[in-house]
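These notes concern the structure reproduced below.
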Amino acid sequence: MTETTTPAQDLAAVEQYLKFWNASTSGQRQRLAAETFSEDVAYHVPLGVMHGQKELIGFLGRFAQQLPTYAFVARSQPERHHDRARLQWELMVGNDSFATGTDVLEIDENGRIASVTGFLDRAPEGFDPHATT
């Protein structure tokens, strides 16, 4: 199997991913989404499945309104193999840990994220896994 991206490209994609989830304005979210994700990115998380940059931008905007003091941070060095990267993350709200999880990112041949499969390692208090977005 031939690798289509380099380790540096894959880790750069993970850094862009973290920047996107920490973007504080609509303009930043739009710019970072275009730089980070393929146009038709698929995002599979316990809350549901989203497709495309616009859905991710909208989801992040709603999330940021509900939790304006959040920070999305890596818990460890990202790992990679072939065209995948694994990111273990923590969601902080103020000084408190809100949730932890692991995202598996598929990196396309252009170094952009084509799909994300996210898992909650520790769900937020009161989280309903059957709720919809």
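Residues in the structure tokens are named by chain (A, B, ... in the order shown) and by number from 1 within that chain; ligands are numbered from 1 in the order shown.
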Q: Please return as a VMD selection string: the residues of chain A that backbone DSSP assigns to strand (DSSP E or B).
A: chain A and resid 37 to 45 48 to 51 70 to 74 79 to 81 84 to 93 96 to 107 113 to 122
With only C-alpha atoms counted and 12 Å as the cut-off, give the residues of range 86-119 of chain A in contact with range 50-57 of chain A, each with its shortest interatomic distance in Å and the pair that gives it, as CSV.
```
residue,atom,partner,partner_atom,distance
A:Arg112,CA,A:Gln53,CA,11.7
A:Ile113,CA,A:Gln53,CA,10.5
A:Ala114,CA,A:Gly52,CA,9.4
A:Ser115,CA,A:His51,CA,9.0
A:Val116,CA,A:Met50,CA,9.8
A:Thr117,CA,A:Met50,CA,10.7
A:Gly118,CA,A:Met50,CA,11.7
```
Using only all heavy atoms, please write the residues we just selected to a file, as a compact mmCIF listing (two decimals), in the first residue's frame.
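File result_35.txt, as written:
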```txt
# COMPACT_ATOMS: atom_id res chain seq x y z
N ARG A 112 -5.68 17.22 3.66
CA ARG A 112 -6.89 17.67 4.37
C ARG A 112 -7.61 16.47 4.98
O ARG A 112 -7.48 15.35 4.52
CB ARG A 112 -7.82 18.41 3.42
CG ARG A 112 -7.25 19.75 3.00
CD ARG A 112 -8.34 20.64 2.42
NE ARG A 112 -7.86 21.98 2.23
CZ ARG A 112 -7.36 22.45 1.11
NH1 ARG A 112 -7.26 21.66 0.06
NH2 ARG A 112 -6.96 23.70 1.02
N ILE A 113 -8.40 16.75 5.99
CA ILE A 113 -9.13 15.69 6.68
C ILE A 113 -10.39 15.36 5.88
O ILE A 113 -11.23 16.22 5.64
CB ILE A 113 -9.48 16.14 8.12
CG1 ILE A 113 -8.18 16.37 8.90
CG2 ILE A 113 -10.36 15.10 8.80
CD1 ILE A 113 -8.37 17.04 10.24
N ALA A 114 -10.50 14.09 5.48
CA ALA A 114 -11.64 13.61 4.68
C ALA A 114 -12.74 13.03 5.56
O ALA A 114 -13.91 13.09 5.20
CB ALA A 114 -11.17 12.57 3.67
N SER A 115 -12.37 12.46 6.70
CA SER A 115 -13.38 11.93 7.60
C SER A 115 -12.83 11.89 9.02
O SER A 115 -11.62 11.82 9.24
CB SER A 115 -13.86 10.54 7.17
OG SER A 115 -12.86 9.57 7.43
N VAL A 116 -13.77 11.93 9.96
CA VAL A 116 -13.46 11.85 11.38
C VAL A 116 -14.42 10.85 12.00
O VAL A 116 -15.63 10.90 11.75
CB VAL A 116 -13.63 13.22 12.08
CG1 VAL A 116 -13.36 13.10 13.58
CG2 VAL A 116 -12.74 14.27 11.45
N THR A 117 -13.87 9.95 12.80
CA THR A 117 -14.69 9.08 13.63
C THR A 117 -14.29 9.38 15.06
O THR A 117 -13.13 9.21 15.44
CB THR A 117 -14.45 7.59 13.31
OG1 THR A 117 -14.72 7.38 11.91
CG2 THR A 117 -15.34 6.70 14.15
N GLY A 118 -15.25 9.88 15.84
CA GLY A 118 -14.96 10.31 17.20
C GLY A 118 -15.60 9.42 18.24
O GLY A 118 -16.74 8.96 18.07
```
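Here CA of Glu35 in chain A stands at a distance of 17.5 Å from CA of Asp83 in chain A.
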Please provide as a CSV table (one decimal) with all heavy atoms, in the first residue's frame all residues within 12 Å of Val104 in chain A, with the sequence filter that same-chain residues fewer than 2 positions apart are discarded (counting only C-alpha atoms).
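What landed in part-v7.csv:
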```csv
chain,number,residue,atom,x,y,z
A,10,ASP,N,0.3,14.8,7.8
A,10,ASP,CA,-0.7,14.3,8.7
A,10,ASP,C,-0.7,15.0,10.1
A,10,ASP,O,-1.8,15.3,10.6
A,10,ASP,CB,-0.5,12.8,9.0
A,10,ASP,CG,-0.7,11.9,7.7
A,10,ASP,OD1,-1.3,12.5,6.7
A,10,ASP,OD2,-0.4,10.7,7.7
A,13,ALA,N,-2.2,18.4,9.7
A,13,ALA,CA,-3.7,18.3,9.6
A,13,ALA,C,-4.3,18.2,11.0
A,13,ALA,O,-5.3,18.8,11.3
A,13,ALA,CB,-4.1,17.1,8.8
A,14,VAL,N,-3.6,17.5,11.9
A,14,VAL,CA,-4.1,17.4,13.3
A,14,VAL,C,-4.0,18.8,14.0
A,14,VAL,O,-4.9,19.2,14.7
A,14,VAL,CB,-3.3,16.3,14.1
A,14,VAL,CG1,-3.7,16.3,15.6
A,14,VAL,CG2,-3.5,14.9,13.5
A,17,TYR,N,-6.8,20.8,12.8
A,17,TYR,CA,-8.0,20.3,13.4
A,17,TYR,C,-8.2,20.9,14.8
A,17,TYR,O,-9.3,21.4,15.1
A,17,TYR,CB,-7.9,18.8,13.5
A,17,TYR,CG,-9.1,18.1,14.0
A,17,TYR,CD1,-10.3,18.0,13.2
A,17,TYR,CD2,-9.1,17.4,15.2
A,17,TYR,CE1,-11.4,17.3,13.7
A,17,TYR,CE2,-10.2,16.7,15.7
A,17,TYR,CZ,-11.3,16.6,14.9
A,17,TYR,OH,-12.4,15.9,15.3
A,42,ALA,N,-16.7,13.9,6.2
A,42,ALA,CA,-17.7,13.1,6.9
A,42,ALA,C,-17.3,13.1,8.4
A,42,ALA,O,-16.1,12.8,8.7
A,42,ALA,CB,-17.9,11.7,6.4
A,43,TYR,N,-18.2,13.4,9.3
A,43,TYR,CA,-17.9,13.6,10.7
A,43,TYR,C,-18.9,12.7,11.5
A,43,TYR,O,-20.1,12.9,11.5
A,43,TYR,CB,-18.0,15.0,11.1
A,43,TYR,CG,-17.5,15.4,12.5
A,43,TYR,CD1,-16.2,15.4,12.8
A,43,TYR,CD2,-18.4,15.6,13.5
A,43,TYR,CE1,-15.7,15.7,14.0
A,43,TYR,CE2,-18.0,15.9,14.8
A,43,TYR,CZ,-16.6,16.0,15.0
A,43,TYR,OH,-16.2,16.3,16.3
A,44,HIS,N,-18.3,11.6,12.1
A,44,HIS,CA,-19.2,10.6,12.8
A,44,HIS,C,-18.8,10.6,14.2
A,44,HIS,O,-17.7,10.3,14.6
A,44,HIS,CB,-18.8,9.2,12.3
A,44,HIS,CG,-19.1,9.0,10.8
A,44,HIS,ND1,-19.8,7.9,10.3
A,44,HIS,CD2,-18.8,9.7,9.7
A,44,HIS,CE1,-19.9,8.0,9.0
A,44,HIS,NE2,-19.3,9.1,8.6
A,45,VAL,N,-19.8,11.1,15.1
A,45,VAL,CA,-19.6,11.2,16.5
A,45,VAL,C,-20.8,10.7,17.2
A,45,VAL,O,-21.9,10.5,16.6
A,45,VAL,CB,-19.2,12.7,16.9
A,45,VAL,CG1,-17.9,13.1,16.4
A,45,VAL,CG2,-20.3,13.6,16.5
A,78,PRO,N,-0.3,13.1,18.9
A,78,PRO,CA,-1.1,12.4,18.0
A,78,PRO,C,-0.2,11.2,17.4
A,78,PRO,O,1.0,11.3,17.3
A,78,PRO,CB,-1.4,13.4,16.9
A,78,PRO,CG,-1.2,14.7,17.5
A,78,PRO,CD,-0.1,14.5,18.6
A,79,GLU,N,-0.9,10.2,17.1
A,79,GLU,CA,-0.3,9.0,16.4
A,79,GLU,C,-0.8,8.9,15.0
A,79,GLU,O,-1.9,9.3,14.7
A,79,GLU,CB,-0.6,7.7,17.2
A,79,GLU,CG,-0.2,7.7,18.6
A,79,GLU,CD,-0.7,6.5,19.4
A,79,GLU,OE1,-0.1,5.5,19.3
A,79,GLU,OE2,-1.8,6.6,19.9
A,80,ARG,N,0.0,8.3,14.1
A,80,ARG,CA,-0.4,8.2,12.7
A,80,ARG,C,0.1,6.9,12.2
A,80,ARG,O,1.1,6.3,12.6
A,80,ARG,CB,0.1,9.4,11.9
A,80,ARG,CG,1.6,9.3,11.6
A,80,ARG,CD,2.2,10.2,10.5
A,80,ARG,NE,1.7,9.9,9.2
A,80,ARG,CZ,2.2,8.9,8.4
A,80,ARG,NH1,3.2,8.2,8.8
A,80,ARG,NH2,1.8,8.8,7.2
A,81,HIS,N,-0.7,6.4,11.2
A,81,HIS,CA,-0.2,5.3,10.3
A,81,HIS,C,-1.0,5.4,9.0
A,81,HIS,O,-2.2,5.8,9.0
A,81,HIS,CB,-0.3,3.9,11.0
A,81,HIS,CG,-1.7,3.4,11.2
A,81,HIS,ND1,-2.4,2.9,10.2
A,81,HIS,CD2,-2.4,3.3,12.3
A,81,HIS,CE1,-3.6,2.5,10.7
A,81,HIS,NE2,-3.6,2.7,11.9
A,83,ASP,N,-2.8,6.6,6.1
A,83,ASP,CA,-3.5,7.9,5.9
A,83,ASP,C,-4.4,8.2,7.1
A,83,ASP,O,-5.4,9.0,7.0
A,83,ASP,CB,-4.3,7.9,4.6
A,83,ASP,CG,-5.4,6.8,4.6
A,83,ASP,OD1,-5.4,5.9,5.5
A,83,ASP,OD2,-6.2,6.8,3.8
A,84,ARG,N,-4.1,7.8,8.3
A,84,ARG,CA,-4.9,8.0,9.5
A,84,ARG,C,-4.1,8.6,10.6
A,84,ARG,O,-2.9,8.4,10.7
A,84,ARG,CB,-5.5,6.7,10.1
A,84,ARG,CG,-6.3,5.8,9.1
A,84,ARG,CD,-7.6,6.5,8.9
A,84,ARG,NE,-8.6,5.6,8.3
A,84,ARG,CZ,-8.7,5.4,7.0
A,84,ARG,NH1,-7.9,5.9,6.1
A,84,ARG,NH2,-9.7,4.6,6.5
A,85,ALA,N,-4.7,9.4,11.4
A,85,ALA,CA,-4.1,9.9,12.6
A,85,ALA,C,-5.1,9.8,13.8
A,85,ALA,O,-6.3,9.9,13.6
A,85,ALA,CB,-3.8,11.4,12.4
A,86,ARG,N,-4.6,9.5,15.0
A,86,ARG,CA,-5.4,9.3,16.2
A,86,ARG,C,-5.0,10.4,17.1
A,86,ARG,O,-3.9,10.6,17.5
A,86,ARG,CB,-5.2,8.0,16.8
A,86,ARG,CG,-6.0,7.8,18.1
A,86,ARG,CD,-6.0,6.4,18.6
A,86,ARG,NE,-4.7,6.0,19.1
A,86,ARG,CZ,-4.4,4.9,19.7
A,86,ARG,NH1,-5.3,4.0,19.9
A,86,ARG,NH2,-3.2,4.6,20.1
A,87,LEU,N,-6.1,11.1,17.5
A,87,LEU,CA,-5.9,12.3,18.5
A,87,LEU,C,-6.7,12.0,19.7
A,87,LEU,O,-7.9,11.8,19.7
A,87,LEU,CB,-6.4,13.6,17.8
A,87,LEU,CG,-6.5,14.8,18.8
A,87,LEU,CD1,-5.1,15.2,19.2
A,87,LEU,CD2,-7.2,15.9,18.1
A,88,GLN,N,-6.0,11.9,20.9
A,88,GLN,CA,-6.7,11.8,22.1
A,88,GLN,C,-6.8,13.3,22.7
A,88,GLN,O,-5.8,14.0,22.7
A,88,GLN,CB,-5.9,11.0,23.1
A,88,GLN,CG,-5.9,9.5,22.7
A,88,GLN,CD,-5.1,8.6,23.6
A,88,GLN,OE1,-4.0,9.0,24.0
A,88,GLN,NE2,-5.6,7.5,24.0
A,89,TRP,N,-8.1,13.7,23.0
A,89,TRP,CA,-8.3,15.1,23.3
A,89,TRP,C,-9.0,15.2,24.6
A,89,TRP,O,-9.6,14.2,25.2
A,89,TRP,CB,-9.1,15.7,22.2
A,89,TRP,CG,-10.4,15.0,21.8
A,89,TRP,CD1,-10.6,14.2,20.7
A,89,TRP,CD2,-11.7,15.1,22.5
A,89,TRP,NE1,-11.9,13.7,20.7
A,89,TRP,CE2,-12.6,14.3,21.8
A,89,TRP,CE3,-12.1,15.8,23.6
A,89,TRP,CZ2,-13.9,14.1,22.1
A,89,TRP,CZ3,-13.5,15.6,24.0
A,89,TRP,CH2,-14.3,14.8,23.2
A,101,GLY,N,-12.0,12.3,24.8
A,101,GLY,CA,-12.3,11.4,23.7
A,101,GLY,C,-11.1,11.1,22.8
A,101,GLY,O,-10.0,11.6,23.1
A,102,THR,N,-11.4,10.4,21.8
A,102,THR,CA,-10.4,10.0,20.8
A,102,THR,C,-11.0,10.1,19.4
A,102,THR,O,-12.1,9.6,19.2
A,102,THR,CB,-9.9,8.5,21.0
A,102,THR,OG1,-9.4,8.4,22.3
A,102,THR,CG2,-8.9,8.1,20.0
A,106,GLU,N,-9.0,10.6,9.0
A,106,GLU,CA,-8.5,10.2,7.7
A,106,GLU,C,-8.1,11.4,6.9
A,106,GLU,O,-8.8,12.3,6.7
A,106,GLU,CB,-9.6,9.4,6.9
A,106,GLU,CG,-9.2,9.0,5.5
A,106,GLU,CD,-10.3,8.4,4.7
A,106,GLU,OE1,-11.5,8.4,5.1
A,106,GLU,OE2,-10.0,7.9,3.6
A,107,ILE,N,-6.8,11.3,6.5
A,107,ILE,CA,-6.2,12.4,5.8
A,107,ILE,C,-6.1,12.1,4.3
A,107,ILE,O,-5.7,11.0,3.9
A,107,ILE,CB,-4.7,12.7,6.3
A,107,ILE,CG1,-4.6,12.6,7.8
A,107,ILE,CG2,-4.2,14.0,5.7
A,107,ILE,CD1,-5.3,13.6,8.6
A,113,ILE,N,-8.4,16.7,6.0
A,113,ILE,CA,-9.1,15.7,6.7
A,113,ILE,C,-10.4,15.4,5.9
A,113,ILE,O,-11.2,16.2,5.6
A,113,ILE,CB,-9.5,16.1,8.1
A,113,ILE,CG1,-8.2,16.4,8.9
A,113,ILE,CG2,-10.4,15.1,8.8
A,113,ILE,CD1,-8.4,17.0,10.2
A,114,ALA,N,-10.5,14.1,5.5
A,114,ALA,CA,-11.6,13.6,4.7
A,114,ALA,C,-12.7,13.0,5.6
A,114,ALA,O,-13.9,13.1,5.2
A,114,ALA,CB,-11.2,12.6,3.7
A,115,SER,N,-12.4,12.5,6.7
A,115,SER,CA,-13.4,11.9,7.6
A,115,SER,C,-12.8,11.9,9.0
A,115,SER,O,-11.6,11.8,9.2
A,115,SER,CB,-13.9,10.5,7.2
A,115,SER,OG,-12.9,9.6,7.4
A,116,VAL,N,-13.8,11.9,10.0
A,116,VAL,CA,-13.5,11.8,11.4
A,116,VAL,C,-14.4,10.9,12.0
A,116,VAL,O,-15.6,10.9,11.7
A,116,VAL,CB,-13.6,13.2,12.1
A,116,VAL,CG1,-13.4,13.1,13.6
A,116,VAL,CG2,-12.7,14.3,11.5
A,117,THR,N,-13.9,9.9,12.8
A,117,THR,CA,-14.7,9.1,13.6
A,117,THR,C,-14.3,9.4,15.1
A,117,THR,O,-13.1,9.2,15.4
A,117,THR,CB,-14.4,7.6,13.3
A,117,THR,OG1,-14.7,7.4,11.9
A,117,THR,CG2,-15.3,6.7,14.1
A,118,GLY,N,-15.2,9.9,15.8
A,118,GLY,CA,-15.0,10.3,17.2
A,118,GLY,C,-15.6,9.4,18.2
A,118,GLY,O,-16.7,9.0,18.1
A,119,PHE,N,-14.9,9.2,19.3
A,119,PHE,CA,-15.3,8.4,20.4
A,119,PHE,C,-15.2,9.2,21.7
A,119,PHE,O,-14.2,9.9,21.9
A,119,PHE,CB,-14.5,7.1,20.6
A,119,PHE,CG,-14.6,6.2,19.3
A,119,PHE,CD1,-13.7,6.4,18.3
A,119,PHE,CD2,-15.5,5.2,19.3
A,119,PHE,CE1,-13.7,5.6,17.2
A,119,PHE,CE2,-15.6,4.4,18.1
A,119,PHE,CZ,-14.7,4.6,17.1
A,120,LEU,N,-16.2,9.0,22.6
A,120,LEU,CA,-16.1,9.6,23.9
A,120,LEU,C,-15.4,8.6,24.9
A,120,LEU,O,-15.9,7.5,25.0
A,120,LEU,CB,-17.4,10.0,24.5
A,120,LEU,CG,-18.1,11.2,23.8
A,120,LEU,CD1,-19.5,11.4,24.3
A,120,LEU,CD2,-17.3,12.5,24.2
```
Compare A:Gly61, A:Gly94, A:Gly126, A:Gly111 by their minimum atom-to-atom distance to Thr25 in chain A, counting only C-alpha atoms, and give me the closest one.
->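 Nearest candidate to Thr25 in chain A out of A:Gly61, A:Gly94, A:Gly126, A:Gly111: A:Gly61.
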Which residue out of A:Asp121, A:Gln65, A:Phe59, A:Ser24 has the minimum interatomic distance to Asp103 in chain A when only C-alpha atoms are used?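 Ranked by minimum distance to Asp103 in chain A, first place goes to A:Asp121.
Residues in contact range of Asn22 in chain A, defined as at most 9 Å between only C-alpha atoms, with sequence neighbours fewer than 4 positions away removed, read Tyr17, Leu18, Arg29, Tyr70, Ala71, Phe72 and Val73 of chain A.
Minimum atom-to-atom distance to Arg62 in chain A, evaluated using only C-alpha atoms, belongs to A:Ser26 out of A:Asp128, A:Ser97, A:Ser26, A:Ala74.
The space between CA of Gln16 in chain A and CA of Thr36 in chain A spans 5.7 Å.
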